[in-house]
>>> print(open('structure.cif').read())   # mmCIF, C-alpha atoms
data_structure
loop_
_atom_site.label_atom_id
_atom_site.label_comp_id
_atom_site.auth_asym_id
_atom_site.auth_seq_id
_atom_site.Cartn_x
_atom_site.Cartn_y
_atom_site.Cartn_z
CA MET A 1 28.11 8.24 46.48
CA SER A 2 28.79 7.40 42.83
CA GLN A 3 26.80 8.84 39.95
CA ASP A 4 25.59 5.35 38.95
CA TYR A 5 24.26 4.70 42.42
CA GLU A 6 22.37 8.01 42.39
CA GLU A 7 20.77 7.11 39.07
CA THR A 8 19.80 3.62 40.22
CA LEU A 9 18.33 5.09 43.37
CA ALA A 10 16.31 7.62 41.40
CA LYS A 11 14.92 4.82 39.23
CA MET A 12 14.05 2.73 42.29
CA GLN A 13 12.23 5.60 43.96
CA GLY A 14 10.15 6.36 40.88
CA PRO A 15 7.14 4.22 39.96
CA ALA A 16 7.88 1.14 37.83
CA SER A 17 6.81 1.72 34.26
CA LEU A 18 3.77 0.03 32.79
CA ASP A 19 3.19 -0.81 29.18
CA ALA A 20 0.12 1.08 28.08
CA GLY A 21 0.18 -0.20 24.49
CA SER A 22 -3.04 -1.44 22.94
CA ALA A 23 -3.25 -4.37 20.53
CA ALA A 24 -3.41 -1.82 17.69
CA ASP A 25 -0.05 -0.41 18.83
CA TYR A 26 1.54 -3.84 18.59
CA ILE A 27 0.08 -4.27 15.12
CA ALA A 28 1.48 -0.82 14.20
CA LEU A 29 4.90 -2.07 15.38
CA MET A 30 4.75 -4.64 12.59
CA LYS A 31 4.35 -1.97 9.82
CA PRO A 32 1.20 -3.52 8.33
CA ARG A 33 1.41 -1.55 5.06
CA VAL A 34 4.90 -2.90 4.36
CA MET A 35 3.64 -6.37 5.38
CA SER A 36 0.92 -6.22 2.72
CA LEU A 37 3.48 -5.73 -0.08
CA VAL A 38 5.64 -8.50 1.42
CA VAL A 39 2.68 -10.92 1.45
CA PHE A 40 1.74 -10.00 -2.10
CA THR A 41 5.23 -10.46 -3.58
CA ALA A 42 5.68 -13.73 -1.63
CA LEU A 43 2.35 -14.96 -3.01
CA VAL A 44 3.52 -14.20 -6.56
CA GLY A 45 6.77 -16.09 -5.86
CA MET A 46 4.65 -19.10 -4.81
CA ILE A 47 2.36 -18.90 -7.84
CA MET A 48 5.31 -18.67 -10.24
CA ALA A 49 7.17 -21.63 -8.67
CA PRO A 50 7.05 -25.00 -10.47
CA GLY A 51 3.65 -26.50 -9.77
CA GLY A 52 2.38 -23.24 -8.26
CA PHE A 53 -0.97 -24.03 -6.66
CA GLY A 54 -1.62 -26.82 -9.15
CA GLU A 55 -1.82 -30.56 -8.57
CA ASN A 56 1.90 -30.97 -7.85
CA GLY A 57 2.21 -27.60 -6.16
CA LEU A 58 1.70 -26.33 -2.65
CA HIS A 59 -1.52 -27.33 -0.87
CA PRO A 60 -3.71 -24.23 -0.26
CA VAL A 61 -3.55 -24.74 3.53
CA LEU A 62 0.26 -24.87 3.38
CA ALA A 63 0.30 -21.80 1.11
CA ILE A 64 -1.85 -19.84 3.58
CA ALA A 65 0.39 -21.00 6.46
CA ALA A 66 3.54 -19.97 4.58
CA LEU A 67 2.13 -16.55 3.70
CA ALA A 68 1.00 -15.98 7.29
CA LEU A 69 4.44 -16.94 8.62
CA ILE A 70 6.29 -14.78 6.07
CA SER A 71 4.11 -11.78 6.93
CA VAL A 72 4.52 -12.34 10.67
CA GLY A 73 8.30 -12.72 10.23
CA ALA A 74 8.42 -9.47 8.26
CA GLY A 75 6.32 -7.79 10.94
CA ALA A 76 8.64 -9.03 13.68
CA SER A 77 11.69 -7.61 11.90
CA ALA A 78 9.82 -4.29 11.63
CA ALA A 79 9.20 -4.36 15.41
CA LEU A 80 12.93 -4.95 15.98
CA ASN A 81 13.68 -2.05 13.61
CA MET A 82 11.38 0.23 15.62
CA TRP A 83 12.97 -0.93 18.87
CA TYR A 84 16.46 0.01 17.67
CA ASP A 85 15.49 3.18 15.81
CA ALA A 86 13.27 4.68 18.55
CA ASP A 87 15.75 7.51 19.11
CA ILE A 88 15.75 8.73 15.50
CA ASP A 89 12.04 7.96 15.05
CA ALA A 90 11.36 10.46 17.83
CA ILE A 91 13.11 13.19 15.84
CA MET A 92 11.52 12.67 12.43
CA SER A 93 7.99 13.96 11.73
CA ARG A 94 7.09 10.87 9.64
CA THR A 95 7.87 8.48 12.48
CA GLN A 96 7.43 10.36 15.76
CA ASN A 97 3.90 9.05 16.22
CA ARG A 98 5.05 5.42 16.13
CA PRO A 99 4.21 3.37 19.25
CA ILE A 100 7.66 3.64 20.93
CA PRO A 101 8.54 7.34 20.44
CA SER A 102 4.98 8.32 21.37
CA GLY A 103 5.38 6.34 24.62
CA ARG A 104 2.56 3.87 24.04
CA VAL A 105 4.86 0.82 23.93
CA SER A 106 8.10 0.50 25.87
CA LYS A 107 11.36 -0.32 24.09
CA ALA A 108 11.77 -3.50 26.12
CA SER A 109 8.29 -4.73 25.19
CA ALA A 110 8.93 -4.08 21.50
CA LEU A 111 12.21 -6.01 21.69
CA VAL A 112 10.63 -9.00 23.45
CA PHE A 113 7.67 -8.93 21.05
CA GLY A 114 9.96 -8.78 17.99
CA LEU A 115 12.21 -11.60 19.18
CA TRP A 116 9.34 -13.92 20.17
CA VAL A 117 7.36 -13.38 17.00
CA SER A 118 10.53 -13.80 14.85
CA GLY A 119 11.25 -17.09 16.61
CA LEU A 120 7.69 -18.36 16.17
CA ALA A 121 7.62 -17.42 12.48
CA VAL A 122 10.95 -19.09 11.68
CA MET A 123 10.22 -22.23 13.73
CA GLY A 124 6.75 -22.47 12.21
CA MET A 125 8.22 -22.14 8.73
CA ALA A 126 10.77 -24.90 9.44
CA VAL A 127 8.20 -27.29 10.89
CA MET A 128 5.24 -26.59 8.60
CA ILE A 129 6.84 -25.72 5.25
CA ASN A 130 10.55 -26.52 4.68
CA TYR A 131 14.02 -25.71 5.99
CA LEU A 132 15.06 -23.71 2.92
CA SER A 133 12.24 -21.18 3.29
CA ALA A 134 12.84 -21.03 7.06
CA ALA A 135 16.55 -20.33 6.47
CA LEU A 136 15.70 -17.59 3.97
CA LEU A 137 13.19 -16.08 6.41
CA VAL A 138 15.69 -16.01 9.28
CA PHE A 139 18.28 -14.45 6.94
CA THR A 140 15.75 -11.78 5.88
CA ILE A 141 14.89 -10.91 9.48
CA PHE A 142 18.58 -10.82 10.44
CA PHE A 143 19.53 -8.74 7.41
CA TYR A 144 16.80 -6.16 8.04
CA ALA A 145 17.00 -5.94 11.83
CA VAL A 146 20.76 -6.25 12.26
CA ILE A 147 22.67 -5.52 9.03
CA TYR A 148 20.40 -2.73 7.76
CA THR A 149 18.98 -1.22 10.97
CA MET A 150 21.99 -1.50 13.28
CA PHE A 151 24.87 -1.02 10.83
CA LEU A 152 24.01 0.31 7.38
CA LYS A 153 21.26 2.84 8.15
CA ARG A 154 23.39 5.19 10.26
CA ALA A 155 26.71 4.47 8.52
CA THR A 156 26.44 4.90 4.78
CA ALA A 157 24.44 6.64 2.06
CA GLN A 158 24.18 3.23 0.38
CA ASN A 159 22.04 2.07 3.35
CA ILE A 160 18.84 1.50 1.42
CA VAL A 161 20.66 0.17 -1.65
CA ILE A 162 22.26 -2.73 0.26
CA GLY A 163 19.45 -2.93 2.82
CA GLY A 164 16.97 -3.26 -0.04
CA ALA A 165 18.02 -6.90 -0.24
CA ALA A 166 15.84 -7.65 2.80
CA GLY A 167 12.73 -6.25 1.13
CA ALA A 168 13.57 -8.08 -2.09
CA LEU A 169 13.66 -11.55 -0.53
CA PRO A 170 9.91 -12.31 0.05
CA PRO A 171 9.23 -13.59 -3.52
CA VAL A 172 12.32 -15.81 -3.14
CA ILE A 173 10.95 -17.16 0.16
CA GLY A 174 7.56 -17.71 -1.49
CA TRP A 175 9.21 -19.64 -4.32
CA ALA A 176 11.30 -21.70 -1.87
CA ALA A 177 8.18 -22.47 0.19
CA ALA A 178 6.43 -23.89 -2.88
CA ALA A 179 9.34 -25.56 -4.68
CA ASN A 180 11.78 -26.33 -1.84
CA SER A 181 14.54 -25.22 -4.23
CA LEU A 182 15.82 -22.07 -5.92
CA SER A 183 16.48 -21.17 -9.53
CA VAL A 184 17.12 -18.13 -11.73
CA GLU A 185 13.50 -16.87 -11.82
CA PRO A 186 13.17 -15.98 -8.11
CA LEU A 187 16.57 -14.29 -8.28
CA ILE A 188 15.24 -12.07 -11.07
CA TYR A 189 12.19 -11.20 -8.93
CA PHE A 190 14.70 -10.37 -6.18
CA ALA A 191 16.64 -8.13 -8.61
CA ILE A 192 13.46 -6.31 -9.65
CA ILE A 193 12.65 -5.28 -6.05
CA PHE A 194 16.35 -4.67 -5.29
CA PHE A 195 16.71 -2.11 -8.12
CA TRP A 196 13.25 -0.68 -7.45
CA THR A 197 14.05 0.19 -3.82
CA PRO A 198 16.58 3.05 -4.29
CA PRO A 199 14.49 5.30 -6.59
CA HIS A 200 11.39 4.50 -4.50
CA PHE A 201 13.05 5.38 -1.21
CA TRP A 202 15.10 8.33 -2.43
CA ALA A 203 11.93 9.98 -3.79
CA LEU A 204 10.63 9.89 -0.21
CA ALA A 205 14.01 10.95 1.19
CA LEU A 206 13.93 14.08 -0.99
CA ILE A 207 10.62 15.10 0.60
CA LYS A 208 11.79 14.24 4.12
CA ASN A 209 15.33 15.58 3.68
CA ASP A 210 15.10 17.95 6.66
CA ASP A 211 13.93 15.10 8.90
CA TYR A 212 16.84 12.89 7.92
CA LYS A 213 19.27 15.80 8.40
CA ALA A 214 17.89 16.47 11.89
CA ALA A 215 18.14 12.78 12.80
CA LYS A 216 21.65 12.59 11.26
CA VAL A 217 20.69 9.64 9.05
CA PRO A 218 23.07 9.66 6.07
CA MET A 219 20.48 9.33 3.31
CA LEU A 220 21.82 10.18 -0.15
CA PRO A 221 20.16 13.65 -0.35
CA VAL A 222 21.76 14.50 3.02
CA THR A 223 25.28 13.31 2.16
CA SER A 224 25.52 14.05 -1.57
CA GLY A 225 22.86 16.68 -2.16
CA VAL A 226 19.67 16.83 -4.19
CA LYS A 227 21.27 16.94 -7.67
CA ALA A 228 23.35 13.79 -7.13
CA THR A 229 20.27 12.02 -5.74
CA LEU A 230 18.18 12.98 -8.76
CA ARG A 231 20.89 11.62 -11.09
CA GLN A 232 20.94 8.36 -9.14
CA ILE A 233 17.14 8.10 -9.23
CA VAL A 234 17.11 8.44 -13.02
CA GLY A 235 20.00 5.96 -13.38
CA TYR A 236 18.34 3.34 -11.19
CA SER A 237 14.98 3.76 -12.96
CA ILE A 238 16.67 2.99 -16.32
CA VAL A 239 18.50 -0.03 -14.88
CA LEU A 240 15.22 -1.16 -13.31
CA LEU A 241 13.46 -0.99 -16.68
CA GLY A 242 16.12 -3.33 -18.10
CA VAL A 243 15.90 -5.70 -15.13
CA THR A 244 12.08 -5.89 -15.33
CA LEU A 245 12.43 -7.12 -18.92
CA LEU A 246 14.73 -10.01 -17.92
CA PRO A 247 11.83 -12.46 -17.36
CA TYR A 248 10.93 -11.94 -21.03
CA THR A 249 14.47 -11.92 -22.47
CA MET A 250 15.33 -15.08 -20.51
CA GLY A 251 12.18 -16.79 -21.71
CA PHE A 252 10.29 -17.09 -18.39
CA SER A 253 7.50 -14.69 -19.34
CA GLY A 254 5.72 -13.82 -22.57
CA LEU A 255 4.95 -10.75 -24.64
CA PHE A 256 1.99 -9.80 -22.45
CA TYR A 257 4.35 -9.28 -19.50
CA ALA A 258 7.02 -7.60 -21.65
CA ALA A 259 4.53 -5.09 -23.09
CA GLY A 260 3.06 -4.25 -19.67
CA ALA A 261 6.47 -3.98 -17.97
CA SER A 262 7.78 -1.76 -20.80
CA ILE A 263 4.85 0.67 -20.59
CA LEU A 264 4.93 0.85 -16.79
CA GLY A 265 8.73 1.15 -16.75
CA LEU A 266 8.83 3.89 -19.39
CA ILE A 267 6.26 5.87 -17.38
CA PHE A 268 8.46 5.46 -14.28
CA VAL A 269 11.61 6.56 -16.14
CA GLY A 270 9.63 9.53 -17.50
CA MET A 271 8.51 10.52 -14.01
CA CYS A 272 12.06 10.24 -12.66
CA VAL A 273 13.37 12.42 -15.53
CA LEU A 274 10.56 14.92 -14.87
CA LEU A 275 11.58 14.92 -11.21
CA ALA A 276 15.24 15.47 -12.13
CA PHE A 277 14.39 18.52 -14.24
CA SER A 278 11.73 19.93 -11.90
CA LYS A 279 12.05 23.38 -10.38
CA ALA A 280 12.83 23.51 -6.67
CA ASP A 281 9.32 24.69 -5.72
CA GLN A 282 7.72 21.79 -7.66
CA ARG A 283 10.19 19.10 -6.57
CA ASN A 284 8.45 17.81 -3.46
CA ARG A 285 5.12 17.47 -5.27
CA ILE A 286 6.66 15.51 -8.16
CA ALA A 287 8.77 13.43 -5.74
CA GLY A 288 5.54 12.55 -3.91
CA MET A 289 3.91 11.49 -7.19
CA THR A 290 6.99 9.44 -8.13
CA PHE A 291 6.95 7.72 -4.72
CA VAL A 292 3.25 6.81 -4.98
CA TYR A 293 3.63 5.66 -8.60
CA SER A 294 6.62 3.48 -7.65
CA ILE A 295 4.40 1.46 -5.27
CA PHE A 296 1.74 1.13 -7.95
CA TYR A 297 4.46 0.16 -10.49
CA LEU A 298 5.89 -2.66 -8.35
CA PHE A 299 2.41 -3.94 -7.51
CA LEU A 300 1.42 -4.08 -11.21
CA LEU A 301 4.70 -5.74 -12.22
CA PHE A 302 3.96 -8.54 -9.77
CA VAL A 303 0.37 -8.74 -11.06
CA LEU A 304 1.67 -9.01 -14.63
CA LEU A 305 3.93 -12.00 -13.86
CA PRO A 306 1.15 -14.47 -12.91
CA ALA A 307 -1.29 -12.81 -15.35
CA ASP A 308 1.14 -13.56 -18.17
CA LYS A 309 1.30 -17.17 -17.00
CA LEU A 310 -2.52 -17.33 -17.24
CA VAL A 311 -2.56 -15.68 -20.67
CA GLY A 312 0.17 -18.02 -21.94
CA ALA A 313 -1.48 -21.15 -20.52
CA MET B 1 30.60 6.81 55.63
CA SER B 2 28.00 8.24 53.29
CA LYS B 3 24.44 8.76 54.43
CA GLU B 4 22.05 5.89 53.53
CA PRO B 5 19.02 6.87 51.46
CA GLU B 6 15.76 6.97 53.38
CA ASN B 7 13.51 5.36 50.79
CA THR B 8 14.99 2.53 48.73
CA GLN B 9 11.80 0.54 48.20
CA ILE B 10 10.53 0.05 44.68
CA GLN B 11 7.16 1.66 44.29
CA PRO B 12 4.64 -0.73 42.73
CA PRO B 13 3.16 0.26 39.39
CA VAL B 14 -0.28 1.82 39.50
CA TRP B 15 -2.81 -0.15 37.46
CA THR B 16 -5.43 2.34 36.40
CA GLU B 17 -8.78 1.17 35.04
CA GLU B 18 -7.68 2.16 31.51
CA LEU B 19 -4.42 0.17 31.76
CA LEU B 20 -6.28 -2.88 33.08
CA ARG B 21 -8.77 -2.65 30.23
CA GLN B 22 -5.95 -2.51 27.68
CA ARG B 23 -4.18 -5.43 29.33
CA ARG B 24 -7.37 -7.53 29.17
CA LYS B 25 -7.76 -6.66 25.47
CA ARG B 26 -4.11 -7.50 24.73
CA ALA B 27 -4.49 -10.82 26.56
CA ALA B 28 -7.68 -11.67 24.63
CA ILE B 29 -6.02 -10.93 21.29
CA MET B 30 -2.95 -12.95 22.30
CA ALA B 31 -5.24 -15.87 23.16
CA VAL B 32 -6.93 -15.64 19.77
CA ALA B 33 -3.55 -15.45 18.00
CA LEU B 34 -2.25 -18.50 19.91
CA LEU B 35 -5.42 -20.47 19.16
CA ALA B 36 -5.07 -19.55 15.49
CA PHE B 37 -1.46 -20.80 15.58
CA VAL B 38 -2.56 -24.08 17.18
CA GLY B 39 -5.36 -24.42 14.61
CA LEU B 40 -2.88 -23.79 11.79
CA PHE B 41 -0.54 -26.47 13.17
CA PHE B 42 -3.45 -28.92 13.36
CA LEU B 43 -4.59 -28.22 9.79
CA VAL B 44 -1.04 -28.45 8.42
CA THR B 45 -0.58 -31.78 10.22
CA LEU B 46 -3.78 -33.12 8.62
CA VAL B 47 -2.64 -31.91 5.19
CA LYS B 48 0.83 -33.43 5.59
CA LEU B 49 -0.48 -36.76 6.82
CA GLY B 50 -3.20 -36.77 4.17
CA ILE B 51 -5.03 -40.07 3.83
CA ASN B 52 -2.70 -41.63 6.41
CA VAL B 53 -4.77 -39.86 9.10
CA THR B 54 -7.36 -42.61 8.74
CA ASN B 55 -4.81 -45.38 8.15
CA ARG B 56 -4.36 -46.64 11.70
CA PRO B 57 -5.45 -49.71 13.69
CA LEU B 58 -8.82 -49.20 15.40
#
>>> encode(input="structure.cif", output="structure tokens")
Amino acid sequence: MSQDYEETLAKMQGPASLDAGSAADYIALMKPRVMSLVVFTALVGMIMAPGGFGENGLHPVLAIAALALISVGAGASAALNMWYDADIDAIMSRTQNRPIPSGRVSKASALVFGLWVSGLAVMGMAVMINYLSAALLVFTIFFYAVIYTMFLKRATAQNIVIGGAAGALPPVIGWAAAANSLSVEPLIYFAIIFFWTPPHFWALALIKNDDYKAAKVPMLPVTSGVKATLRQIVGYSIVLLGVTLLPYTMGFSGLFYAAGASILGLIFVGMCVLLAFSKADQRNRIAGMTFVYSIFYLFLLFVLLPADKLVGA
Amino acid sequence: MSKEPENTQIQPPVWTEELLRQRRKRAAIMAVALLAFVGLFFLVTLVKLGINVTNRPL
């Protein structure tokens, strides 16, 4: 008897598996905390688009529909990410309590859920909003679930640098949903999140370095060491400061935004420098503070953009 | 010829009370989500048609 036949037989003789996942587990599959930042940045993209929510802009019902579909699409790509990464999630302390590694949702169910919800979100976007935003949404889901999760994440230390493009697209989708076109402004919002992602993620990777080593994920601290990562974090934070000032230098935003972005950016650069020069026993604590501040920083930058529009109006 | 296995029947899954309760809850939430999706489609249709909703022969 062949080995395959023995295995099949063993599976047949055991009880068929049942999915014991609760609704909360399926919501957890969609990474709701990441979804909230996606919704927020997409909303800012919509507000900043020509017309915004004004008379010639997007109807509030359509805006709510677009935001719901963008968030659901982002959630579906997260479910696909968890489906593919279940093996490494089970190894890392930060992720081992996720629905699949903890056994509450089966891999097959997560895959089916992710594919169905992705399809509904993209089709809904195409029918209810416009084809451009639907195309951008499908590209975002594909880039995150396939390019980042299946190829980049386990292959290169530049995984989150290139993969950051997926997280940077929501304000572009929001803009496209409202304007049905693209221009330089949404690409600058894209660049802000794109250059924000590496220092944000590497601060976390420094804290969870042992986890990534155990799971053999080639994050920068694993492949190039802590010192090289700290240099990169400082470098990216300085580039990010310059990129966040582009809306002002290109004339899209006013002094109110420029002043706020400068202060917030200088604080971030300062924290990254502090992290780079920190002693080994203090590093994790400062990396944690830098990580938390980076979320606060991005949130406030995207508050400043529409606030500046209000102030300038 | 190799010996045939004695038990090749698939054993049915065991639905415990807890699993059934979770399945009912999942189904209820799925129903709500689908209804919300239908409602959204309806509202978007009204918004897109605008005043033309009432512009039809009676």
>>> atom_distance(input="structure.cif", atom1="atom CA of Leu40 of chain B", atom2="atom CA of Ser71 of chain A")
14.7 Å
>>> resolve_selection(input="structure.cif", expression="the PyMOL selection byres ((chain A and resi 92) around 8)", output="NGL selection string")
:A and (88-91 or 93-96 or 211-212 or 214-215)
>>> write_last_selection(input="structure.cif", atoms="C-alpha atoms", output="PDB file, in the coordinates of the input")
ATOM      1  CA  ILE A  88      15.750   8.730  15.500  1.00  0.00           C
ATOM      2  CA  ASP A  89      12.040   7.960  15.050  1.00  0.00           C
ATOM      3  CA  ALA A  90      11.360  10.460  17.830  1.00  0.00           C
ATOM      4  CA  ILE A  91      13.110  13.190  15.840  1.00  0.00           C
ATOM      5  CA  SER A  93       7.990  13.960  11.730  1.00  0.00           C
ATOM      6  CA  ARG A  94       7.090  10.870   9.640  1.00  0.00           C
ATOM      7  CA  THR A  95       7.870   8.480  12.480  1.00  0.00           C
ATOM      8  CA  GLN A  96       7.430  10.360  15.760  1.00  0.00           C
ATOM      9  CA  ASP A 211      13.930  15.100   8.900  1.00  0.00           C
ATOM     10  CA  TYR A 212      16.840  12.890   7.920  1.00  0.00           C
ATOM     11  CA  ALA A 214      17.890  16.470  11.890  1.00  0.00           C
ATOM     12  CA  ALA A 215      18.140  12.780  12.800  1.00  0.00           C
TER      13      ALA A 215
END
>>> residues_near_point(input="structure.cif", point="(14.4, -27.8, -6.1)", cutoff="12 Å", atoms="only C-alpha atoms", output="ChimeraX atom specification")
/A:49-51,130,132-133,175-184
>>> write_last_selection(input="structure.cif", atoms="C-alpha atoms", output="PDB file, in the frame of the given file")
ATOM      1  CA  ALA A  49       7.170 -21.630  -8.670  1.00  0.00           C
ATOM      2  CA  PRO A  50       7.050 -25.000 -10.470  1.00  0.00           C
ATOM      3  CA  GLY A  51       3.650 -26.500  -9.770  1.00  0.00           C
ATOM      4  CA  ASN A 130      10.550 -26.520   4.680  1.00  0.00           C
ATOM      5  CA  LEU A 132      15.060 -23.710   2.920  1.00  0.00           C
ATOM      6  CA  SER A 133      12.240 -21.180   3.290  1.00  0.00           C
ATOM      7  CA  TRP A 175       9.210 -19.640  -4.320  1.00  0.00           C
ATOM      8  CA  ALA A 176      11.300 -21.700  -1.870  1.00  0.00           C
ATOM      9  CA  ALA A 177       8.180 -22.470   0.190  1.00  0.00           C
ATOM     10  CA  ALA A 178       6.430 -23.890  -2.880  1.00  0.00           C
ATOM     11  CA  ALA A 179       9.340 -25.560  -4.680  1.00  0.00           C
ATOM     12  CA  ASN A 180      11.780 -26.330  -1.840  1.00  0.00           C
ATOM     13  CA  SER A 181      14.540 -25.220  -4.230  1.00  0.00           C
ATOM     14  CA  LEU A 182      15.820 -22.070  -5.920  1.00  0.00           C
ATOM     15  CA  SER A 183      16.480 -21.170  -9.530  1.00  0.00           C
ATOM     16  CA  VAL A 184      17.120 -18.130 -11.730  1.00  0.00           C
TER      17      VAL A 184
END
>>> resolve_selection(input="structure.cif", expression="the PyMOL selection byres ((chain A and resi 233) around 8)", output="ChimeraX atom specification")
/A:198-199,202-203,229-232,234-237,272
>>> residues_near_point(input="structure.cif", point="(6.6, -8.6, -21.1)", cutoff="12 Å", atoms="all atoms listed in the file", output="MDAnalysis selection string")
chainID A and resid 241:265 301:309 311:312
>>> atom_distance(input="structure.cif", atom1="atom CA of Leu80 of chain A", atom2="atom CA of Leu111 of chain A")
5.9 Å
>>> residues_around(input="structure.cif", residues="segment 23-28 of chain A", least_positions_apart="5", cutoff="9 Å", atoms="all atoms listed in the file", output="mmCIF file with C-alpha atoms, keeping the file's coordinate frame")
data_model
loop_
_atom_site.group_PDB
_atom_site.id
_atom_site.type_symbol
_atom_site.label_atom_id
_atom_site.label_comp_id
_atom_site.auth_asym_id
_atom_site.auth_seq_id
_atom_site.Cartn_x
_atom_site.Cartn_y
_atom_site.Cartn_z
ATOM 1 C CA GLY A 75 6.320 -7.790 10.940
ATOM 2 C CA ALA A 79 9.200 -4.360 15.410
ATOM 3 C CA ARG A 98 5.050 5.420 16.130
ATOM 4 C CA PRO A 99 4.210 3.370 19.250
ATOM 5 C CA ILE A 100 7.660 3.640 20.930
ATOM 6 C CA ARG A 104 2.560 3.870 24.040
ATOM 7 C CA VAL A 105 4.860 0.820 23.930
ATOM 8 C CA ALA A 110 8.930 -4.080 21.500
ATOM 9 C CA PHE A 113 7.670 -8.930 21.050
ATOM 10 C CA GLN B 22 -5.950 -2.510 27.680
ATOM 11 C CA ARG B 23 -4.180 -5.430 29.330
ATOM 12 C CA LYS B 25 -7.760 -6.660 25.470
ATOM 13 C CA ARG B 26 -4.110 -7.500 24.730
ATOM 14 C CA ALA B 27 -4.490 -10.820 26.560
ATOM 15 C CA ILE B 29 -6.020 -10.930 21.290
ATOM 16 C CA MET B 30 -2.950 -12.950 22.300
#
>>> closest_residue(input="structure.cif", among="A:Arg285, A:Lys208, A:His59, A:Lys216", to="Thr45 of chain B", atoms="all atoms listed in the file")
A:His59
>>> resolve_selection(input="structure.cif", expression="the PyMOL selection byres ((chain A and resi 271) around 10)", output="ChimeraX atom specification")
/A:234,237,265-270,272-277,286-287,289-291,293-294
>>> atom_distance(input="structure.cif", atom1="atom CA of Val72 of chain A", atom2="atom CA of Val117 of chain A")
7.0 Å
>>> closest_residue(input="structure.cif", among="A:Val239, A:Ile188, A:Met125, A:Met82", to="Val146 of chain A", atoms="all atoms listed in the file")
A:Met82
>>> closest_residue(input="structure.cif", among="A:Met30, A:Leu67, A:Ala78, A:Leu206", to="Val222 of chain A", atoms="all atoms listed in the file")
A:Leu206
>>> axis_aligned_box(input="structure.cif", around="segment 81-92 of chain A", padding_each_side="5 Å", output="AutoDock Vina command-line options")
--center_x 13.9 --center_y 5.6 --center_z 15.8 --size_x 15.1 --size_y 25.2 --size_z 16.7
